[in-house]
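Enquirer: If it helps, the file is called protein00.cif and holds mmCIF, C-alpha atoms:
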```cif
data_upload
#
loop_
_atom_site.label_atom_id
_atom_site.label_comp_id
_atom_site.auth_asym_id
_atom_site.auth_seq_id
_atom_site.Cartn_x
_atom_site.Cartn_y
_atom_site.Cartn_z
CA MET G 1 82.46 -165.31 113.87
CA PRO G 2 85.58 -164.11 115.68
CA LEU G 3 87.10 -160.72 115.13
CA LEU G 4 90.61 -161.01 113.79
CA PRO G 5 93.49 -158.98 115.29
CA ILE G 6 94.72 -156.26 112.92
CA LEU G 7 98.48 -155.82 112.60
CA ARG G 8 99.78 -152.34 113.35
CA PHE G 9 102.42 -150.47 111.35
CA PRO G 10 105.46 -150.86 111.47
CA ASP G 11 104.93 -154.59 112.17
CA PRO G 12 107.29 -156.43 109.77
CA ARG G 13 104.54 -158.94 108.90
CA LEU G 14 102.83 -156.12 106.95
CA LYS G 15 105.79 -156.30 104.53
CA LYS G 16 105.16 -159.96 103.60
CA ILE G 17 103.94 -160.56 100.06
CA ALA G 18 100.74 -162.60 100.01
CA SER G 19 100.52 -165.88 98.12
CA PRO G 20 97.81 -166.54 95.54
CA VAL G 21 94.81 -168.58 96.65
CA ALA G 22 95.03 -171.91 94.80
CA GLN G 23 91.56 -173.21 95.71
CA ILE G 24 88.50 -171.42 96.99
CA ASP G 25 87.09 -173.61 99.74
CA ASP G 26 85.20 -173.19 103.01
CA GLN G 27 88.39 -172.02 104.74
CA VAL G 28 88.75 -169.12 102.27
CA ARG G 29 85.05 -168.27 102.55
CA LYS G 30 85.32 -168.24 106.36
CA LEU G 31 88.41 -166.03 106.15
CA ALA G 32 86.52 -163.57 103.91
CA ALA G 33 83.51 -163.55 106.28
CA ASP G 34 85.73 -163.03 109.34
CA MET G 35 87.63 -160.27 107.53
CA GLY G 36 84.34 -158.55 106.65
CA GLU G 37 83.16 -158.68 110.26
CA THR G 38 86.54 -157.40 111.46
CA MET G 39 86.49 -154.54 108.93
CA TYR G 40 82.95 -153.48 109.90
CA GLU G 41 83.74 -153.67 113.63
CA ALA G 42 86.83 -151.46 113.08
CA SER G 43 84.80 -148.98 110.98
CA GLY G 44 86.95 -149.56 107.92
CA ILE G 45 86.02 -149.68 104.23
CA GLY G 46 88.63 -152.24 103.18
CA LEU G 47 90.82 -154.94 104.65
CA ALA G 48 93.49 -157.16 103.14
CA ALA G 49 94.30 -160.60 104.54
CA THR G 50 97.88 -159.42 105.14
CA GLN G 51 96.55 -156.98 107.74
CA VAL G 52 95.21 -159.89 109.81
CA ASP G 53 98.44 -161.88 109.44
CA VAL G 54 97.07 -164.24 106.77
CA HIS G 55 99.36 -163.98 103.77
CA ARG G 56 96.95 -164.99 101.05
CA ARG G 57 95.59 -162.76 98.28
CA VAL G 58 92.15 -161.97 99.72
CA VAL G 59 90.59 -158.49 100.05
CA VAL G 60 87.23 -157.33 101.38
CA ILE G 61 85.78 -153.90 100.58
CA ASP G 62 82.53 -152.07 101.29
CA VAL G 63 82.36 -148.43 100.23
CA SER G 64 78.54 -148.29 100.31
CA GLU G 65 76.75 -145.73 102.48
CA GLU G 66 74.62 -148.38 104.19
CA ARG G 67 77.61 -150.71 104.80
CA GLN G 68 75.73 -153.74 103.46
CA GLN G 69 77.53 -154.42 100.16
CA LEU G 70 80.57 -156.45 101.13
CA ARG G 71 82.71 -157.29 98.09
CA VAL G 72 85.29 -160.06 98.18
CA PHE G 73 88.25 -160.07 95.79
CA ILE G 74 90.38 -163.20 95.61
CA ASN G 75 93.73 -162.98 93.78
CA PRO G 76 92.96 -159.41 92.64
CA LYS G 77 95.19 -157.98 89.95
CA LEU G 78 95.12 -154.47 88.53
CA THR G 79 94.99 -154.81 84.76
CA ARG G 80 94.55 -151.13 83.89
CA CYS G 81 95.20 -147.84 85.66
CA GLU G 82 94.30 -144.44 84.19
CA GLY G 83 94.49 -140.86 85.35
CA VAL G 84 95.73 -139.49 88.64
CA GLN G 85 93.90 -138.42 91.75
CA ALA G 86 95.23 -137.30 95.10
CA GLY G 87 93.25 -137.88 98.24
CA GLU G 88 93.56 -138.35 101.96
CA GLU G 89 93.98 -141.96 103.03
CA GLY G 90 93.93 -143.73 106.34
CA CYS G 91 94.42 -147.36 107.26
CA LEU G 92 93.25 -149.76 109.95
CA SER G 93 96.90 -150.82 110.37
CA VAL G 94 97.99 -147.19 110.86
CA PRO G 95 95.30 -145.92 113.27
CA GLY G 96 94.72 -142.21 113.57
CA ILE G 97 97.10 -141.31 110.74
CA TYR G 98 95.86 -139.70 107.52
CA ASP G 99 97.82 -138.23 104.62
CA THR G 100 97.50 -137.42 100.94
CA VAL G 101 98.42 -140.17 98.49
CA GLU G 102 98.38 -140.11 94.68
CA ARG G 103 96.58 -143.03 93.05
CA ALA G 104 95.14 -143.87 89.64
CA GLU G 105 91.74 -142.31 89.07
CA ARG G 106 90.26 -145.31 87.25
CA VAL G 107 91.28 -148.95 87.49
CA THR G 108 90.27 -152.31 86.11
CA VAL G 109 90.78 -155.29 88.38
CA ALA G 110 90.60 -158.99 87.52
CA TYR G 111 89.80 -161.35 90.39
CA LEU G 112 88.00 -164.48 91.48
CA ASP G 113 84.73 -164.36 93.42
CA LEU G 114 83.78 -166.68 96.29
CA ASP G 115 82.49 -169.24 93.76
CA GLY G 116 85.86 -169.31 91.98
CA GLN G 117 84.48 -167.48 88.94
CA SER G 118 86.73 -165.02 87.08
CA GLN G 119 85.44 -161.47 87.29
CA THR G 120 86.50 -158.07 85.99
CA LEU G 121 85.51 -154.79 87.58
CA GLU G 122 86.05 -151.24 86.37
CA ALA G 123 86.17 -148.78 89.25
CA GLU G 124 86.74 -145.09 89.85
CA GLY G 125 86.69 -142.73 92.78
CA LEU G 126 86.74 -144.19 96.28
CA LEU G 127 86.41 -147.81 95.13
CA ALA G 128 89.41 -147.41 92.79
CA VAL G 129 91.48 -145.92 95.63
CA CYS G 130 90.41 -148.66 98.03
CA LEU G 131 91.29 -151.42 95.55
CA GLN G 132 94.76 -149.95 95.00
CA HIS G 133 95.29 -149.48 98.74
CA GLU G 134 94.30 -153.07 99.60
CA ILE G 135 96.24 -154.63 96.71
CA ASP G 136 99.27 -152.68 97.98
CA HIS G 137 98.84 -154.54 101.30
CA LEU G 138 98.93 -157.88 99.46
CA ASP G 139 102.19 -156.73 97.87
CA GLY G 140 103.72 -155.86 101.26
CA LYS G 141 103.12 -152.09 101.08
CA VAL G 142 101.34 -149.76 103.48
CA PHE G 143 100.02 -146.36 102.36
CA VAL G 144 102.76 -144.59 104.32
CA ASP G 145 105.28 -146.18 101.92
CA HIS G 146 104.00 -143.64 99.39
CA LEU G 147 105.06 -140.78 101.68
CA SER G 148 108.44 -139.12 102.21
CA GLN G 149 111.02 -140.66 104.57
CA LEU G 150 110.52 -137.71 106.93
CA LYS G 151 106.75 -138.31 107.14
CA GLN G 152 107.33 -142.05 107.62
CA SER G 153 109.71 -141.35 110.52
CA ARG G 154 107.22 -138.98 112.13
CA ILE G 155 104.40 -141.51 111.79
CA LYS G 156 106.51 -144.28 113.35
CA ALA G 157 107.41 -141.98 116.26
CA LYS G 158 103.78 -140.94 116.78
CA LEU G 159 102.56 -144.56 116.75
CA ALA G 160 105.33 -145.63 119.14
CA LYS G 161 104.30 -142.85 121.52
CA GLN G 162 100.63 -143.93 121.28
CA ALA G 163 101.65 -147.52 122.08
CA ARG G 164 103.57 -146.40 125.17
CA VAL G 165 100.64 -144.30 126.41
CA THR G 166 98.11 -147.14 126.01
CA ALA G 167 100.43 -149.85 127.42
#
```
Please express what this file holds, its structure, as structure tokens.
Expert:
Amino acid sequence: MPLLPILRFPDPRLKKIASPVAQIDDQVRKLAADMGETMYEASGIGLAATQVDVHRRVVVIDVSEERQQLRVFINPKLTRCEGVQAGEEGCLSVPGIYDTVERAERVTVAYLDLDGQSQTLEAEGLLAVCLQHEIDHLDGKVFVDHLSQLKQSRIKAKLAKQARVTA
């Protein structure tokens, strides 16, 4: 399976809002498998289709220690958010940048699995943070959007400098 190219912030395509998946077919299953492989290769714990320039509501996540429990969420929707936690986040689309973001401590998400079956998952801790982070991507948001304008400007400048150095 090919590795998919990951968009880098501030690419405007990261701002696109993803469309719901109308039918789960082999194309969607292949997308999820390719996204999983891409996420593992990039040493990530989550990846939204938006990050690979596919604007459909598909997310893959694996927060397990052994990195063998890939979860696929199709058309995920947060139905409940409780509590507040602050933690350091990073993102495959914003390489090398980490900052503190406030998120809900516990969430409930409704979604479809790869068989098209409706599922509900209650999550807390890292999985809850990851779900919120990836669903943000589907809604055209990157974690740096939760930061101050000053921090956003500094991050853009740092990434632009990195791009010049590696070019």
Enquirer: Counting all atoms listed in the file, which residues in stretch 6-122 of chain G sit no more than 8 Å from stretch 129-148 of chain G? For each one, give the nearest pair of atoms and the distance in Å, sorted by chain then residue number, as JSON lines.
Expert:
```
{"residue": "G:Phe9", "atom": "CA", "partner": "G:Val142", "partner_atom": "CA", "distance": 8.0}
{"residue": "G:Leu14", "atom": "CA", "partner": "G:Gly140", "partner_atom": "CA", "distance": 5.8}
{"residue": "G:Lys15", "atom": "CA", "partner": "G:Gly140", "partner_atom": "CA", "distance": 3.9}
{"residue": "G:Lys16", "atom": "CA", "partner": "G:Gly140", "partner_atom": "CA", "distance": 4.9}
{"residue": "G:Ile17", "atom": "CA", "partner": "G:Asp139", "partner_atom": "CA", "distance": 4.7}
{"residue": "G:Ala18", "atom": "CA", "partner": "G:Leu138", "partner_atom": "CA", "distance": 5.1}
{"residue": "G:Ile45", "atom": "CA", "partner": "G:Cys130", "partner_atom": "CA", "distance": 7.7}
{"residue": "G:Gly46", "atom": "CA", "partner": "G:Cys130", "partner_atom": "CA", "distance": 6.5}
{"residue": "G:Leu47", "atom": "CA", "partner": "G:Glu134", "partner_atom": "CA", "distance": 6.4}
{"residue": "G:Ala48", "atom": "CA", "partner": "G:Glu134", "partner_atom": "CA", "distance": 5.5}
{"residue": "G:Ala49", "atom": "CA", "partner": "G:Leu138", "partner_atom": "CA", "distance": 7.4}
{"residue": "G:Thr50", "atom": "CA", "partner": "G:Leu138", "partner_atom": "CA", "distance": 6.0}
{"residue": "G:Gln51", "atom": "CA", "partner": "G:His137", "partner_atom": "CA", "distance": 7.3}
{"residue": "G:His55", "atom": "CA", "partner": "G:Leu138", "partner_atom": "CA", "distance": 7.5}
{"residue": "G:Arg56", "atom": "CA", "partner": "G:Leu138", "partner_atom": "CA", "distance": 7.5}
{"residue": "G:Arg57", "atom": "CA", "partner": "G:Leu138", "partner_atom": "CA", "distance": 6.0}
{"residue": "G:Val58", "atom": "CA", "partner": "G:Leu138", "partner_atom": "CA", "distance": 7.9}
{"residue": "G:Val59", "atom": "CA", "partner": "G:Glu134", "partner_atom": "CA", "distance": 6.6}
{"residue": "G:Ile61", "atom": "CA", "partner": "G:Cys130", "partner_atom": "CA", "distance": 7.4}
{"residue": "G:Pro76", "atom": "CA", "partner": "G:Ile135", "partner_atom": "CA", "distance": 7.1}
{"residue": "G:Lys77", "atom": "CA", "partner": "G:Ile135", "partner_atom": "CA", "distance": 7.6}
{"residue": "G:Leu78", "atom": "CA", "partner": "G:Gln132", "partner_atom": "CA", "distance": 7.9}
{"residue": "G:Glu89", "atom": "CA", "partner": "G:Phe143", "partner_atom": "CA", "distance": 7.5}
{"residue": "G:Gly90", "atom": "CA", "partner": "G:Phe143", "partner_atom": "CA", "distance": 7.7}
{"residue": "G:Cys91", "atom": "CA", "partner": "G:Phe143", "partner_atom": "CA", "distance": 7.5}
{"residue": "G:Val101", "atom": "CA", "partner": "G:His146", "partner_atom": "CA", "distance": 6.6}
{"residue": "G:Arg103", "atom": "CA", "partner": "G:Val129", "partner_atom": "CA", "distance": 6.4}
{"residue": "G:Ala104", "atom": "CA", "partner": "G:Val129", "partner_atom": "CA", "distance": 7.3}
{"residue": "G:Glu105", "atom": "CA", "partner": "G:Val129", "partner_atom": "CA", "distance": 7.5}
```
Enquirer: Mind telling me what the PyMOL selection byres ((chain G and resi 107) around 8) catches here, as a list in words?
Expert: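 Given this file, the PyMOL selection byres ((chain G and resi 107) around 8) evaluates to Leu78, Thr79, Arg80, Cys81, Glu82, Ala104, Glu105, Arg106, Thr108, Val109, Glu122, Ala123, Glu124 and Ala128 of chain G.
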Enquirer: Include C-alpha atoms and write out the residues we just selected as a JSON list (two decimals), keeping the file's coordinate frame.
Expert:
```json
[["chain", "number", "residue", "atom", "x", "y", "z"],
["G", 78, "LEU", "CA", 95.12, -154.47, 88.53],
["G", 79, "THR", "CA", 94.99, -154.81, 84.76],
["G", 80, "ARG", "CA", 94.55, -151.13, 83.89],
["G", 81, "CYS", "CA", 95.20, -147.84, 85.66],
["G", 82, "GLU", "CA", 94.30, -144.44, 84.19],
["G", 104, "ALA", "CA", 95.14, -143.87, 89.64],
["G", 105, "GLU", "CA", 91.74, -142.31, 89.07],
["G", 106, "ARG", "CA", 90.26, -145.31, 87.25],
["G", 108, "THR", "CA", 90.27, -152.31, 86.11],
["G", 109, "VAL", "CA", 90.78, -155.29, 88.38],
["G", 122, "GLU", "CA", 86.05, -151.24, 86.37],
["G", 123, "ALA", "CA", 86.17, -148.78, 89.25],
["G", 124, "GLU", "CA", 86.74, -145.09, 89.85],
["G", 128, "ALA", "CA", 89.41, -147.41, 92.79]]
```
Enquirer: Need to verify the contact set: G:Ala32, 10 Å, only C-alpha atoms, exclusion of same-chain residues closer than 4 positions in sequence. Can you return it as a PyMOL selection string?
Expert: chain G and resi 26-28+36-38+47-49+58-60+70-74+114
Enquirer: Let me make sure I understand: among G:Gln149, G:Gln85, G:Asn75, G:Gln23, which one has the smallest atom-to-atom distance to G:Tyr111 if we use only C-alpha atoms?
Expert: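 The shortest atom-to-atom distance to G:Tyr111 comes from G:Asn75.
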Enquirer: Calculate how many Å separate atom CA of G:Ala42 from atom CA of G:Ala163, rounding to one decimal.
Expert: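 Between atom CA of G:Ala42 and atom CA of G:Ala163 the gap is 17.8 Å.
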Enquirer: By how many Å are atom CA of G:Asp34 and atom CA of G:Ile97 apart?
Expert: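 Result for atom CA of G:Asp34 versus atom CA of G:Ile97: 24.6 Å, one decimal.
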Enquirer: Given 8 Å of margin on each side, can you work out the centre and size in Å (one decimal) of an axis-aligned box holding every listed atom of stretch 60-73 of chain G, as AutoDock Vina command-line options?
Expert:
```
--center_x 81.4 --center_y -152.9 --center_z 100.3 --size_x 29.6 --size_y 30.3 --size_z 25.0
```
Enquirer: When distances are computed from only C-alpha atoms, which of G:Arg154, G:Glu102, G:Pro20, G:Val54 shows the smallest separation from G:Glu88?
Expert: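 Among the listed residues, G:Glu102 lies closest to G:Glu88.
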Enquirer: Find the distance between atom CA of G:Ser43 and atom CA of G:Asp62 and write it in Å to one decimal.
Expert: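 Computing the Euclidean distance for atom CA of G:Ser43 and atom CA of G:Asp62 yields 10.4 Å.
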Enquirer: Here is a test: counting all atoms listed in the file, which residue of G:Arg29, G:Asp113, G:Gly125, G:Val52 is nearest to G:Gly83?
Expert: G:Gly125
Enquirer: Could you tell me which of G:Ala160, G:Val63, G:Ile24, G:Leu121 comes closest to G:Pro95 if we count all atoms listed in the file?
Expert: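 Closest residue, counting all atoms listed in the file: G:Ala160.
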Enquirer: Taking all atoms listed in the file into account, name the residue in G:Pro5, G:Ile155, G:Gly116, G:Gly87 that is nearest to G:Glu41.
Expert: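 So, comparing all the options, the nearest one is G:Pro5.
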Enquirer: The PyMOL selection byres ((chain G and resi 10) around 9) on the file shown: which residues, as a list in words?
Expert: Leu7, Arg8, Phe9, Asp11, Pro12, Arg13, Leu14, Lys15, Ser93, Val94, Lys156 and Leu159 of chain G
